$ cat run.csv   # CSV, C-alpha atoms and all ligand atoms
chain,number,residue,atom,x,y,z
A,1,MET,CA,-22.2,-11.3,16.2
A,2,ASN,CA,-21.0,-9.4,19.2
A,3,SER,CA,-18.4,-6.7,19.2
A,4,SER,CA,-15.9,-8.8,21.0
A,5,GLY,CA,-16.1,-11.3,18.2
A,6,SER,CA,-16.3,-14.1,20.8
A,7,GLU,CA,-19.3,-16.1,19.5
A,8,GLY,CA,-19.0,-19.8,18.8
A,9,PRO,CA,-17.3,-21.7,16.0
A,10,HIS,CA,-18.1,-20.5,12.5
A,11,PRO,CA,-19.7,-22.7,9.8
A,12,THR,CA,-17.0,-24.2,7.6
A,13,ALA,CA,-19.0,-25.2,4.6
A,14,ARG,CA,-18.2,-23.2,1.5
A,15,ARG,CA,-20.8,-20.6,0.7
A,16,PRO,CA,-21.4,-19.2,-2.8
A,17,GLU,CA,-19.5,-15.9,-3.4
A,18,GLY,CA,-21.4,-13.0,-2.1
A,19,LEU,CA,-23.6,-14.8,0.5
A,20,GLN,CA,-21.1,-13.8,3.2
A,21,SER,CA,-22.7,-10.4,3.2
A,22,ARG,CA,-26.1,-11.6,4.4
A,23,GLY,CA,-26.5,-10.0,7.9
A,24,GLU,CA,-22.7,-9.8,8.3
A,25,SER,CA,-20.8,-6.6,7.8
A,26,ARG,CA,-17.7,-7.0,9.9
A,27,ALA,CA,-14.4,-6.2,8.3
A,28,LEU,CA,-11.2,-7.7,9.4
A,29,VAL,CA,-8.0,-5.8,9.0
A,30,MET,CA,-5.1,-8.3,8.8
A,31,GLY,CA,-2.0,-6.2,9.6
A,32,ALA,CA,-3.0,-3.2,11.6
A,33,GLY,CA,-0.3,-0.7,10.5
A,34,ALA,CA,-0.5,2.5,8.5
A,35,VAL,CA,-2.9,1.4,5.7
A,36,GLY,CA,-4.9,-1.0,7.9
A,37,CYS,CA,-5.5,1.5,10.7
A,38,TRP,CA,-6.3,4.2,8.2
A,39,ILE,CA,-8.8,2.2,6.1
A,40,GLY,CA,-10.2,0.2,9.0
A,41,GLY,CA,-10.4,3.3,11.1
A,42,CYS,CA,-12.4,5.2,8.5
A,43,LEU,CA,-14.8,2.3,8.1
A,44,GLN,CA,-15.2,2.0,11.9
A,45,ALA,CA,-15.7,5.8,12.3
A,46,ALA,CA,-18.5,5.4,9.8
A,47,GLY,CA,-20.2,2.7,11.8
A,48,VAL,CA,-18.8,-0.5,10.2
A,49,PRO,CA,-17.6,-3.0,12.8
A,50,VAL,CA,-13.9,-3.7,12.3
A,51,THR,CA,-11.5,-6.1,13.9
A,52,PHE,CA,-7.9,-5.1,13.9
A,53,VAL,CA,-5.3,-7.8,14.0
A,54,GLY,CA,-1.8,-6.5,14.5
A,55,ARG,CA,1.4,-6.4,16.6
A,56,PRO,CA,1.5,-5.5,20.3
A,57,ARG,CA,3.4,-2.2,19.5
A,58,VAL,CA,0.6,-0.9,17.4
A,59,LEU,CA,-2.3,-2.4,19.5
A,60,ASP,CA,-0.8,-1.1,22.8
A,61,ALA,CA,-0.7,2.4,21.2
A,62,LEU,CA,-4.3,2.1,20.1
A,63,ARG,CA,-5.4,0.9,23.6
A,64,ALA,CA,-3.6,3.8,25.2
A,65,HIS,CA,-4.6,6.6,22.7
A,66,GLY,CA,-7.5,5.3,20.6
A,67,LEU,CA,-7.3,5.9,16.9
A,68,LYS,CA,-6.9,9.4,15.4
A,69,LEU,CA,-7.2,9.9,11.7
A,70,THR,CA,-6.2,13.1,10.0
A,71,ASP,CA,-5.7,14.0,6.3
A,72,LEU,CA,-4.2,16.7,4.2
A,73,GLU,CA,-7.6,18.3,3.6
A,74,GLY,CA,-7.6,19.1,7.4
A,75,SER,CA,-10.3,16.7,8.6
A,76,THR,CA,-9.9,14.8,11.9
A,77,ARG,CA,-11.8,11.7,13.0
A,78,SER,CA,-11.4,9.7,16.2
A,79,VAL,CA,-12.4,6.2,17.4
A,80,PRO,CA,-12.1,5.8,21.2
A,81,ALA,CA,-9.9,3.0,22.4
A,82,GLY,CA,-12.9,1.3,24.1
A,83,ALA,CA,-14.7,1.0,20.7
A,84,LEU,CA,-11.8,-0.8,19.0
A,85,ASP,CA,-11.7,-4.6,18.6
A,86,LEU,CA,-8.0,-5.3,18.8
A,87,ARG,CA,-6.3,-8.7,18.6
A,88,GLU,CA,-2.9,-10.2,18.2
A,89,SER,CA,-4.1,-13.2,16.2
A,90,VAL,CA,-7.0,-14.2,14.1
A,91,GLY,CA,-7.9,-17.2,16.3
A,92,GLY,CA,-11.5,-17.4,17.7
A,93,LEU,CA,-12.8,-14.6,15.4
A,94,ALA,CA,-16.4,-14.2,14.4
A,95,PRO,CA,-16.5,-14.7,10.6
A,96,PRO,CA,-15.8,-11.4,8.9
A,97,ALA,CA,-17.6,-10.5,5.6
A,98,LEU,CA,-14.5,-8.9,4.3
A,99,VAL,CA,-10.8,-9.2,5.0
A,100,LEU,CA,-8.4,-6.4,4.2
A,101,LEU,CA,-4.9,-7.7,3.9
A,102,CYS,CA,-2.7,-4.8,4.9
A,103,VAL,CA,0.7,-6.4,5.7
A,104,LYS,CA,3.9,-5.6,3.9
A,105,SER,CA,4.7,-7.9,0.9
A,106,GLY,CA,7.2,-10.1,2.8
A,107,ALA,CA,4.4,-11.0,5.3
A,108,THR,CA,1.7,-11.8,2.7
A,109,THR,CA,2.0,-15.6,2.6
A,110,GLY,CA,2.1,-16.0,6.4
A,111,ALA,CA,-0.7,-13.6,7.1
A,112,ALA,CA,-3.0,-15.0,4.3
A,113,ALA,CA,-2.4,-18.6,5.6
A,114,GLU,CA,-3.3,-17.5,9.1
A,115,VAL,CA,-6.5,-15.9,8.0
A,116,ALA,CA,-7.5,-19.0,6.0
A,117,ARG,CA,-7.2,-21.1,9.1
A,118,ALA,CA,-9.6,-18.9,11.0
A,119,VAL,CA,-12.3,-17.8,8.6
A,120,PRO,CA,-14.8,-19.8,6.5
A,121,PRO,CA,-13.7,-21.0,3.1
A,122,GLY,CA,-14.9,-18.6,0.4
A,123,THR,CA,-14.4,-15.5,2.6
A,124,LEU,CA,-13.4,-12.5,0.5
A,125,LEU,CA,-9.9,-11.2,1.1
A,126,VAL,CA,-8.7,-8.0,-0.6
A,127,SER,CA,-4.9,-7.3,-0.8
A,128,MET,CA,-4.5,-3.6,0.0
A,129,GLN,CA,-0.8,-3.9,-0.8
A,130,ASN,CA,1.6,-2.4,-3.2
A,131,GLY,CA,3.3,-4.4,-6.0
A,132,VAL,CA,1.6,-6.6,-8.5
A,133,SER,CA,2.0,-10.1,-7.1
A,134,ASN,CA,0.6,-10.0,-3.5
A,135,ALA,CA,-2.9,-11.1,-4.4
A,136,ALA,CA,-1.6,-14.1,-6.3
A,137,ALA,CA,0.8,-14.9,-3.4
A,138,ALA,CA,-2.1,-14.6,-0.9
A,139,GLN,CA,-4.3,-16.8,-3.1
A,140,ALA,CA,-1.6,-19.5,-3.3
A,141,ALA,CA,-1.1,-19.4,0.5
A,142,ALA,CA,-4.9,-19.5,1.1
A,143,PRO,CA,-6.5,-21.4,-1.8
A,144,ALA,CA,-9.8,-21.7,0.1
A,145,LEU,CA,-10.3,-17.9,0.3
A,146,THR,CA,-11.6,-15.7,-2.5
A,147,VAL,CA,-8.8,-13.3,-3.1
A,148,ARG,CA,-8.9,-10.0,-5.0
A,149,ALA,CA,-6.2,-7.4,-5.6
A,150,GLY,CA,-6.6,-3.9,-4.3
A,151,MET,CA,-4.7,-0.7,-4.7
A,152,VAL,CA,-4.1,2.1,-2.2
A,153,PRO,CA,-3.1,5.3,-4.1
A,154,PHE,CA,-2.5,7.6,-1.1
A,155,ASN,CA,0.3,7.8,1.5
A,156,ILE,CA,-0.4,7.1,5.2
A,157,ALA,CA,2.0,7.9,7.9
A,158,GLU,CA,1.9,7.2,11.6
A,159,LEU,CA,2.5,10.7,13.1
A,160,ALA,CA,2.2,9.7,16.7
A,161,PRO,CA,1.1,6.5,18.5
A,162,GLY,CA,-2.4,5.8,17.3
A,163,HIS,CA,-2.4,8.8,15.0
A,164,TYR,CA,-2.5,8.1,11.3
A,165,HIS,CA,-2.3,10.7,8.6
A,166,ARG,CA,-3.2,10.6,4.9
A,167,GLY,CA,-0.7,12.9,3.3
A,168,THR,CA,-1.7,12.5,-0.4
A,169,SER,CA,-5.0,11.8,-2.2
A,170,GLY,CA,-6.5,9.3,-4.6
A,171,LEU,CA,-9.3,6.7,-4.8
A,172,LEU,CA,-9.0,3.2,-3.5
A,173,ALA,CA,-9.4,0.5,-6.2
A,174,ALA,CA,-9.9,-3.2,-6.3
A,175,GLN,CA,-10.7,-6.0,-8.6
A,176,ASP,CA,-14.4,-6.4,-9.1
A,177,HIS,CA,-16.4,-8.8,-7.0
A,178,ALA,CA,-20.2,-8.9,-6.2
A,179,LEU,CA,-19.6,-8.6,-2.5
A,180,LEU,CA,-17.3,-5.6,-3.0
A,181,ARG,CA,-20.1,-3.9,-5.0
A,182,GLU,CA,-22.3,-4.3,-1.9
A,183,TRP,CA,-19.5,-2.8,0.2
A,184,GLN,CA,-19.0,0.3,-2.0
A,185,PRO,CA,-21.6,2.4,-0.2
A,186,ARG,CA,-19.9,1.7,3.1
A,187,PHE,CA,-16.5,2.7,1.8
A,188,ALA,CA,-18.0,5.8,0.3
A,189,ARG,CA,-19.7,6.8,3.6
A,190,ALA,CA,-16.4,6.2,5.3
A,191,GLY,CA,-14.7,8.8,3.0
A,192,VAL,CA,-12.6,6.1,1.3
A,193,PRO,CA,-14.6,5.5,-2.0
A,194,LEU,CA,-13.7,2.2,-3.6
A,195,GLN,CA,-13.5,1.9,-7.4
A,196,LEU,CA,-13.9,-1.6,-8.9
A,197,HIS,CA,-12.2,-2.7,-12.0
A,198,ALA,CA,-12.4,-5.9,-14.1
A,199,ASP,CA,-8.6,-5.9,-14.5
A,200,LEU,CA,-6.6,-4.1,-11.8
A,201,LEU,CA,-3.1,-4.9,-13.4
A,202,PRO,CA,-2.8,-1.6,-15.4
A,203,LEU,CA,-3.6,0.3,-12.2
A,204,GLN,CA,-1.2,-1.8,-10.1
A,205,TRP,CA,1.6,-1.2,-12.6
A,206,GLY,CA,0.7,2.5,-12.8
A,207,LYS,CA,1.1,2.7,-9.0
A,208,LEU,CA,4.3,0.6,-9.1
A,209,LEU,CA,5.9,3.0,-11.5
A,210,LEU,CA,5.4,5.8,-8.9
A,211,ASN,CA,6.5,3.5,-6.1
A,212,LEU,CA,9.8,3.1,-7.8
A,213,ASN,CA,10.6,6.4,-6.1
A,214,ASN,CA,10.3,4.7,-2.7
A,215,ALA,CA,13.9,3.4,-3.0
A,216,VAL,CA,15.1,6.8,-4.0
A,217,ASN,CA,13.2,8.5,-1.2
A,218,ALA,CA,14.4,5.9,1.4
A,219,LEU,CA,18.1,6.4,0.3
A,220,SER,CA,17.8,10.2,0.3
A,221,GLY,CA,16.8,10.4,4.0
A,222,LEU,CA,14.5,13.3,3.1
A,223,PRO,CA,10.8,13.8,3.3
A,224,LEU,CA,9.0,13.0,0.0
A,225,ARG,CA,8.2,16.5,-1.1
A,226,ALA,CA,11.7,17.8,-0.4
A,227,GLN,CA,13.2,14.8,-2.2
A,228,LEU,CA,11.0,15.3,-5.3
A,229,LEU,CA,12.0,19.0,-5.4
A,230,GLN,CA,15.7,18.0,-6.1
A,231,ARG,CA,16.3,17.3,-9.8
A,232,ASP,CA,19.2,14.8,-9.2
A,233,TYR,CA,16.8,12.5,-7.2
A,234,ARG,CA,14.1,12.9,-9.9
A,235,ILE,CA,16.7,11.8,-12.5
A,236,CYS,CA,17.2,8.6,-10.5
A,237,MET,CA,13.4,8.1,-10.4
A,238,ALA,CA,13.1,8.7,-14.1
A,239,ALA,CA,15.8,6.1,-14.9
A,240,LEU,CA,14.0,3.5,-12.8
A,241,ILE,CA,10.7,4.3,-14.6
A,242,ASP,CA,12.3,4.2,-18.1
A,243,GLU,CA,13.4,0.6,-17.4
A,244,ALA,CA,10.0,-0.4,-16.1
A,245,LEU,CA,8.2,1.2,-19.1
A,246,ALA,CA,10.5,-0.7,-21.5
A,247,ALA,CA,9.7,-4.0,-19.8
A,248,LEU,CA,6.0,-3.2,-19.7
A,249,ARG,CA,6.0,-2.4,-23.5
A,250,ALA,CA,7.8,-5.7,-24.2
A,251,ALA,CA,5.2,-7.5,-22.0
A,252,GLY,CA,2.3,-5.7,-23.7
A,253,ILE,CA,1.0,-4.1,-20.5
A,254,SER,CA,-0.3,-0.6,-20.5
A,255,PRO,CA,0.1,1.0,-17.1
A,256,ALA,CA,-2.8,3.2,-16.0
A,257,LYS,CA,-2.4,7.0,-15.7
A,258,LEU,CA,-2.4,7.9,-12.0
A,259,THR,CA,-1.1,11.4,-12.4
A,260,PRO,CA,-2.1,14.3,-14.7
A,261,LEU,CA,0.7,13.1,-17.0
A,262,PRO,CA,0.5,9.7,-18.8
A,263,PRO,CA,3.1,7.2,-17.6
A,264,ALA,CA,5.2,7.5,-20.8
A,265,ALA,CA,5.6,11.2,-20.1
A,266,LEU,CA,6.7,10.8,-16.5
A,267,PRO,CA,10.5,10.3,-17.1
A,268,GLY,CA,10.7,13.4,-19.3
A,269,ALA,CA,8.8,15.5,-16.8
A,270,LEU,CA,10.9,14.3,-13.9
A,271,ARG,CA,14.1,15.3,-15.7
A,272,LEU,CA,12.9,18.9,-16.2
A,273,PRO,CA,14.5,21.7,-14.2
A,274,THR,CA,12.9,22.1,-10.8
A,275,ALA,CA,11.3,25.5,-11.5
A,276,ILE,CA,9.4,24.0,-14.5
A,277,PHE,CA,8.7,20.6,-12.7
A,278,ARG,CA,7.2,22.5,-9.7
A,279,VAL,CA,4.6,24.1,-12.0
A,280,LEU,CA,3.9,21.0,-14.2
A,281,ALA,CA,3.6,18.6,-11.3
A,282,ALA,CA,1.8,20.9,-8.9
A,283,ARG,CA,-0.8,18.1,-8.1
A,284,MET,CA,1.9,15.5,-7.6
A,285,LEU,CA,3.6,17.8,-5.2
A,286,ARG,CA,0.5,18.3,-3.1
A,287,ILE,CA,2.1,16.3,-0.3
A,288,ASP,CA,2.5,17.1,3.3
A,289,ALA,CA,5.9,18.4,4.1
A,290,LYS,CA,6.5,15.6,6.6
A,291,ALA,CA,5.3,12.7,4.4
A,292,ARG,CA,7.9,10.0,3.8
A,293,THR,CA,7.6,6.6,2.0
A,294,SER,CA,7.0,3.5,4.1
A,295,MET,CA,10.3,2.2,2.7
A,296,ALA,CA,12.1,5.1,4.4
A,297,ASP,CA,10.4,4.1,7.7
A,298,ASP,CA,11.3,0.5,7.2
A,299,LEU,CA,15.0,1.4,6.7
A,300,ALA,CA,14.9,3.7,9.7
A,301,HIS,CA,13.4,1.0,11.9
A,302,GLY,CA,15.6,-1.9,10.6
A,303,ARG,CA,12.7,-3.7,9.1
A,304,ALA,CA,12.6,-5.7,5.8
A,305,THR,CA,11.7,-3.5,2.9
A,306,GLU,CA,9.4,-4.1,-0.1
A,307,ILE,CA,12.2,-3.6,-2.6
A,308,ASP,CA,11.7,-7.0,-4.0
A,309,ALA,CA,8.0,-6.3,-4.7
A,310,LEU,CA,8.8,-3.0,-6.5
A,311,CYS,CA,12.2,-2.8,-8.2
A,312,GLY,CA,12.4,-6.6,-8.0
A,313,GLU,CA,9.2,-6.9,-10.0
A,314,VAL,CA,10.6,-4.7,-12.7
A,315,LEU,CA,13.7,-6.9,-12.8
A,316,ARG,CA,11.7,-10.0,-13.1
A,317,LEU,CA,9.5,-8.6,-15.9
A,318,SER,CA,12.5,-7.3,-17.8
A,319,ARG,CA,14.2,-10.7,-17.6
A,320,ARG,CA,11.1,-12.4,-18.8
A,321,HIS,CA,10.8,-10.1,-21.8
A,322,GLY,CA,14.5,-9.6,-22.7
A,323,THR,CA,14.9,-5.9,-21.7
A,324,ALA,CA,17.5,-4.5,-19.3
A,325,ALA,CA,17.0,-3.0,-15.9
A,326,PRO,CA,20.5,-2.4,-14.4
A,327,VAL,CA,19.4,0.8,-12.5
A,328,ASN,CA,16.6,-1.1,-10.7
A,329,GLU,CA,19.1,-3.8,-9.9
A,330,ARG,CA,21.7,-1.4,-8.5
A,331,ILE,CA,19.2,0.5,-6.4
A,332,SER,CA,17.9,-2.7,-5.0
A,333,GLU,CA,21.4,-3.6,-3.9
A,334,LEU,CA,21.8,-0.3,-2.2
A,335,VAL,CA,18.5,-0.7,-0.3
A,336,ARG,CA,19.5,-4.3,0.7
A,337,ALA,CA,23.0,-3.0,1.8
A,338,TRP,CA,21.5,-0.3,4.1
A,339,PRO,CA,21.7,-2.3,7.4
A,340,SER,CA,25.5,-2.5,6.9
A,341,ASP,CA,25.8,0.9,5.2
A,342,PRO,CA,23.1,3.2,6.6
A,343,ARG,CA,24.0,6.3,4.8
A,344,ALA,CA,21.6,8.9,3.3
A,345,ARG,CA,22.9,10.0,-0.1
A,346,SER,CA,22.7,13.3,-1.8
A,347,GLY,CA,21.1,13.3,-5.3
A,348,ALA,CA,24.5,13.5,-7.0
A,349,GLU,CA,25.9,10.6,-4.8
A,350,LEU,CA,22.8,8.5,-5.6
A,351,ARG,CA,23.1,9.2,-9.3
A,352,ALA,CA,26.7,8.1,-9.2
A,353,ALA,CA,26.0,5.0,-7.2
A,354,ILE,CA,23.3,3.8,-9.6
A,355,GLY,CA,25.0,5.0,-12.7
A,356,VAL,CA,22.6,7.5,-14.1
B,1,LIG,N1,1.9,3.3,4.2
B,1,LIG,C1,1.6,3.8,3.0
B,1,LIG,O1,1.5,5.0,2.8
B,1,LIG,C2,1.1,2.9,1.9
B,1,LIG,C3,0.3,3.4,0.9
B,1,LIG,C4,-0.1,2.6,-0.1
B,1,LIG,C5,0.2,1.2,0.0
B,1,LIG,N2,0.9,0.7,1.0
B,1,LIG,C6,1.1,-0.7,1.0
B,1,LIG,O2,0.3,-1.3,2.0
B,1,LIG,C7,0.9,-2.4,2.6
B,1,LIG,C8,1.0,-2.2,4.1
B,1,LIG,O3,1.8,-1.1,4.3
B,1,LIG,P1,1.8,-0.3,5.7
B,1,LIG,O4,2.7,0.9,5.5
B,1,LIG,O5,0.5,-0.2,6.3
B,1,LIG,O6,2.7,-1.4,6.6
B,1,LIG,P2,2.9,-1.4,8.2
B,1,LIG,O7,2.6,0.0,8.7
B,1,LIG,O8,4.2,-2.1,8.4
B,1,LIG,O9,1.7,-2.3,8.7
B,1,LIG,C9,1.6,-3.7,8.6
B,1,LIG,C10,1.6,-4.2,10.0
B,1,LIG,O10,1.1,-5.6,9.9
B,1,LIG,C11,1.9,-6.3,10.9
B,1,LIG,N3,1.8,-7.8,10.6
B,1,LIG,C12,2.6,-8.4,9.7
B,1,LIG,N4,2.2,-9.8,9.7
B,1,LIG,C13,1.2,-9.9,10.6
B,1,LIG,C14,0.5,-11.0,11.1
B,1,LIG,N5,0.7,-12.2,10.6
B,1,LIG,N6,-0.4,-10.7,12.1
B,1,LIG,C15,-0.6,-9.5,12.6
B,1,LIG,N7,0.1,-8.4,12.1
B,1,LIG,C16,1.0,-8.6,11.2
B,1,LIG,C17,3.3,-5.7,10.7
B,1,LIG,O11,4.1,-6.1,11.8
B,1,LIG,P3,5.6,-6.5,11.5
B,1,LIG,O12,6.3,-5.2,11.3
B,1,LIG,O13,6.1,-7.2,12.8
B,1,LIG,O14,5.7,-7.4,10.3
B,1,LIG,C18,2.9,-4.3,10.8
B,1,LIG,O15,2.7,-3.8,12.1
B,1,LIG,C19,2.3,-2.5,1.9
B,1,LIG,O16,2.2,-3.4,0.8
B,1,LIG,C20,2.5,-1.1,1.4
B,1,LIG,O17,3.4,-1.0,0.3
B,1,LIG,C21,1.4,1.5,2.0

$ encode --input "run.csv" --output "structure tokens" --more "lines below"
Ligand SMILES: NC(=O)c1ccc[n+]([C@@H]2O[C@H](COP(=O)([O-])OP(=O)(O)OC[C@H]3O[C@@H](n4cnc5c(N)ncnc54)[C@H](OP(=O)(O)O)[C@@H]3O)[C@@H](O)[C@H]2O)c1
Amino acid sequence: MNSSGSEGPHPTARRPEGLQSRGESRALVMGAGAVGCWIGGCLQAAGVPVTFVGRPRVLDALRAHGLKLTDLEGSTRSVPAGALDLRESVGGLAPPALVLLCVKSGATTGAAAEVARAVPPGTLLVSMQNGVSNAAAAQAAAPALTVRAGMVPFNIAELAPGHYHRGTSGLLAAQDHALLREWQPRFARAGVPLQLHADLLPLQWGKLLLNLNNAVNALSGLPLRAQLLQRDYRICMAALIDEALAALRAAGISPAKLTPLPPAALPGALRLPTAIFRVLAARMLRIDAKARTSMADDLAHGRATEIDALCGEVLRLSRRHGTAAPVNERISELVRAWPSDPRARSGAELRAAIGV
């Protein structure tokens, strides 16, 4: 396989799971944005060949500046533009051993179907997306692929064209698969260790509980850390989590603990006065002063948000199990109304608007 990925047609016969790894180690990032450029860039900086499929805005920046990766621990890595395999579509690709699906939830179906048309049946695709339904949506759109769910616990922001910054910490996780076990040493070498789990759902819900703050953050207009340091906003987040926890209890799902506090203790801790919260949640607050959620960026750029994959998922679970989630419903409406009412709200205004 050459680095331009321009070799001839790939074999189309289905191969047993795991065999794709024989002599093939290329990863394909489908959706080169914050997460895709970060994870793909780390792999490439560690010597793994990576193909990045993305939009002209992102690819042009990478062509002009190369890829710069920084993190909150202060490390910097770079991949020069000439070393990047950048494409606007998946057509004509050499078969990748691993596909990392890194698009936003609304683009899952289209992106997975595009990949399926271009890679051999059986190719492993890992959804590196938030929410709990993207892997199933990708599998439904691409039945010939082997799809696994993944979970990215940290925050990545594009600080400048081609410059991606990890602003929080945590370990990547995915549903177990034999080929992913073979990839684990490469992820570890790349500084993005990958943990494998028989069942990822508890972790995905654990992450989704924290992501319920994305809507609060987006509507606050503030950087994440500054927003979390205001009790009124934390009370909004606590109310969203309360409703999710009630739905999860009714559904018999135990969300994983992704912070020093267990999920059930989060709402109480969030409602504490800021001086106490600051001490109790010191690790949770280890966030770059500039970090924002991607939903905030989506609103700022007039893009579709992932509200349906986050608060919407809580609403669906609560409806299925007979619990109530009016706060998740109201905040979803505010996020959807943003294009016609683009107004950052103070904590008190947001509390009043969602009724908490
Ligand atoms: N950013 C974070 O800190 C973070 C952390 C953890 C998890 N996540 C999750 O990771 C996922 C990706 O988030 P992100 O922030 O990396 O999103 P992002 O920066 O918007 O990157 C996704 C990129 O993929 C592009 N794209 C969509 N469909 C495509 C297609 N068919 N072909 C080529 N490119 C395509 C998008 O373009 P368009 O804008 O034109 O669609 C966008 O440029 C989301 O589920 C998010 O919730 C994000």

$ closest_residue --input "run.csv" --among "A:His65, A:Arg278, A:Arg117, A:Arg189" --to "ligand LIG 1 (chain B)" --atoms "all atoms listed in the file"
A:Arg117

$ residues_around --input "run.csv" --residues "segment 214-217 of chain A" --least-positions-apart "6" --cutoff "7 Å" --atoms "only C-alpha atoms" --output "JSON, numbers by chain"
{"A": [224, 227, 233, 237, 293, 295, 296, 331, 335]}

$ closest_atom_pairs --input "run.csv" --of "chain A" --to "ligand LIG 1 (chain B)" --cutoff "7 Å" --atoms "only C-alpha atoms and all ligand atoms" --output "tab-separated table"
residue	atom	partner	partner_atom	distance
A:Met30	CA	B:LIG1	C15	6.0
A:Gly31	CA	B:LIG1	O10	3.2
A:Ala32	CA	B:LIG1	C10	5.0
A:Gly33	CA	B:LIG1	O9	3.1
A:Ala34	CA	B:LIG1	O5	3.6
A:Val35	CA	B:LIG1	O5	3.8
A:Gly36	CA	B:LIG1	O5	5.7
A:Val53	CA	B:LIG1	C15	5.2
A:Gly54	CA	B:LIG1	N7	3.6
A:Arg55	CA	B:LIG1	N7	5.1
A:Val58	CA	B:LIG1	O15	6.4
A:Glu88	CA	B:LIG1	C15	6.1
A:Ser89	CA	B:LIG1	N6	6.1
A:Cys102	CA	B:LIG1	C8	4.6
A:Val103	CA	B:LIG1	C9	4.1
A:Lys104	CA	B:LIG1	C19	4.0
A:Ser105	CA	B:LIG1	O16	5.1
A:Ala107	CA	B:LIG1	N4	5.1
A:Gly110	CA	B:LIG1	N5	5.8
A:Ala111	CA	B:LIG1	N5	4.0
A:Glu114	CA	B:LIG1	N5	6.8
A:Met128	CA	B:LIG1	O2	5.7
A:Gln129	CA	B:LIG1	O16	3.4
A:Asn130	CA	B:LIG1	O16	4.2
A:Gly131	CA	B:LIG1	O16	7.0
A:Val152	CA	B:LIG1	C4	4.5
A:Pro153	CA	B:LIG1	C4	5.7
A:Phe154	CA	B:LIG1	C3	5.4
A:Asn155	CA	B:LIG1	O1	3.3
A:Ile156	CA	B:LIG1	O1	3.7
A:Ala157	CA	B:LIG1	O1	5.9
A:Thr293	CA	B:LIG1	O1	6.4
A:Ser294	CA	B:LIG1	N1	5.1
A:Arg303	CA	B:LIG1	O12	6.9
A:Glu306	CA	B:LIG1	O17	6.8

$ write_last_selection --input "run.csv" --atoms "C-alpha atoms" --output "PDB file, in the frame of the given file"
ATOM      1  CA  MET A  30      -5.100  -8.300   8.800  1.00  0.00           C
ATOM      2  CA  GLY A  31      -2.000  -6.200   9.600  1.00  0.00           C
ATOM      3  CA  ALA A  32      -3.000  -3.200  11.600  1.00  0.00           C
ATOM      4  CA  GLY A  33      -0.300  -0.700  10.500  1.00  0.00           C
ATOM      5  CA  ALA A  34      -0.500   2.500   8.500  1.00  0.00           C
ATOM      6  CA  VAL A  35      -2.900   1.400   5.700  1.00  0.00           C
ATOM      7  CA  GLY A  36      -4.900  -1.000   7.900  1.00  0.00           C
ATOM      8  CA  VAL A  53      -5.300  -7.800  14.000  1.00  0.00           C
ATOM      9  CA  GLY A  54      -1.800  -6.500  14.500  1.00  0.00           C
ATOM     10  CA  ARG A  55       1.400  -6.400  16.600  1.00  0.00           C
ATOM     11  CA  VAL A  58       0.600  -0.900  17.400  1.00  0.00           C
ATOM     12  CA  GLU A  88      -2.900 -10.200  18.200  1.00  0.00           C
ATOM     13  CA  SER A  89      -4.100 -13.200  16.200  1.00  0.00           C
ATOM     14  CA  CYS A 102      -2.700  -4.800   4.900  1.00  0.00           C
ATOM     15  CA  VAL A 103       0.700  -6.400   5.700  1.00  0.00           C
ATOM     16  CA  LYS A 104       3.900  -5.600   3.900  1.00  0.00           C
ATOM     17  CA  SER A 105       4.700  -7.900   0.900  1.00  0.00           C
ATOM     18  CA  ALA A 107       4.400 -11.000   5.300  1.00  0.00           C
ATOM     19  CA  GLY A 110       2.100 -16.000   6.400  1.00  0.00           C
ATOM     20  CA  ALA A 111      -0.700 -13.600   7.100  1.00  0.00           C
ATOM     21  CA  GLU A 114      -3.300 -17.500   9.100  1.00  0.00           C
ATOM     22  CA  MET A 128      -4.500  -3.600   0.000  1.00  0.00           C
ATOM     23  CA  GLN A 129      -0.800  -3.900  -0.800  1.00  0.00           C
ATOM     24  CA  ASN A 130       1.600  -2.400  -3.200  1.00  0.00           C
ATOM     25  CA  GLY A 131       3.300  -4.400  -6.000  1.00  0.00           C
ATOM     26  CA  VAL A 152      -4.100   2.100  -2.200  1.00  0.00           C
ATOM     27  CA  PRO A 153      -3.100   5.300  -4.100  1.00  0.00           C
ATOM     28  CA  PHE A 154      -2.500   7.600  -1.100  1.00  0.00           C
ATOM     29  CA  ASN A 155       0.300   7.800   1.500  1.00  0.00           C
ATOM     30  CA  ILE A 156      -0.400   7.100   5.200  1.00  0.00           C
ATOM     31  CA  ALA A 157       2.000   7.900   7.900  1.00  0.00           C
ATOM     32  CA  THR A 293       7.600   6.600   2.000  1.00  0.00           C
ATOM     33  CA  SER A 294       7.000   3.500   4.100  1.00  0.00           C
ATOM     34  CA  ARG A 303      12.700  -3.700   9.100  1.00  0.00           C
ATOM     35  CA  GLU A 306       9.400  -4.100  -0.100  1.00  0.00           C
TER      36      GLU A 306
END

$ atom_distance --input "run.csv" --atom1 "atom CA of Ile354 of chain A" --atom2 "atom CA of Thr168 of chain A"
28.0 Å

$ atom_distance --input "run.csv" --atom1 "atom CA of Ser133 of chain A" --atom2 "atom CA of Ala309 of chain A"
7.5 Å

$ residues_around --input "run.csv" --residues "Leu310 of chain A" --least-positions-apart "2" --cutoff "7 Å" --atoms "all atoms listed in the file" --output "number ranges by chain"
A: 131, 208, 211-212, 306-308, 312-314

$ residues_near_point --input "run.csv" --point "(23.1, 11.8, -7.6)" --cutoff "10 Å" --atoms "all atoms listed in the file" --output "list of chain:residue names"
A:Ser220, A:Gln230, A:Arg231, A:Asp232, A:Tyr233, A:Arg234, A:Ile235, A:Cys236, A:Arg345, A:Ser346, A:Gly347, A:Ala348, A:Glu349, A:Leu350, A:Arg351, A:Ala352, A:Ala353, A:Ile354, A:Gly355, A:Val356
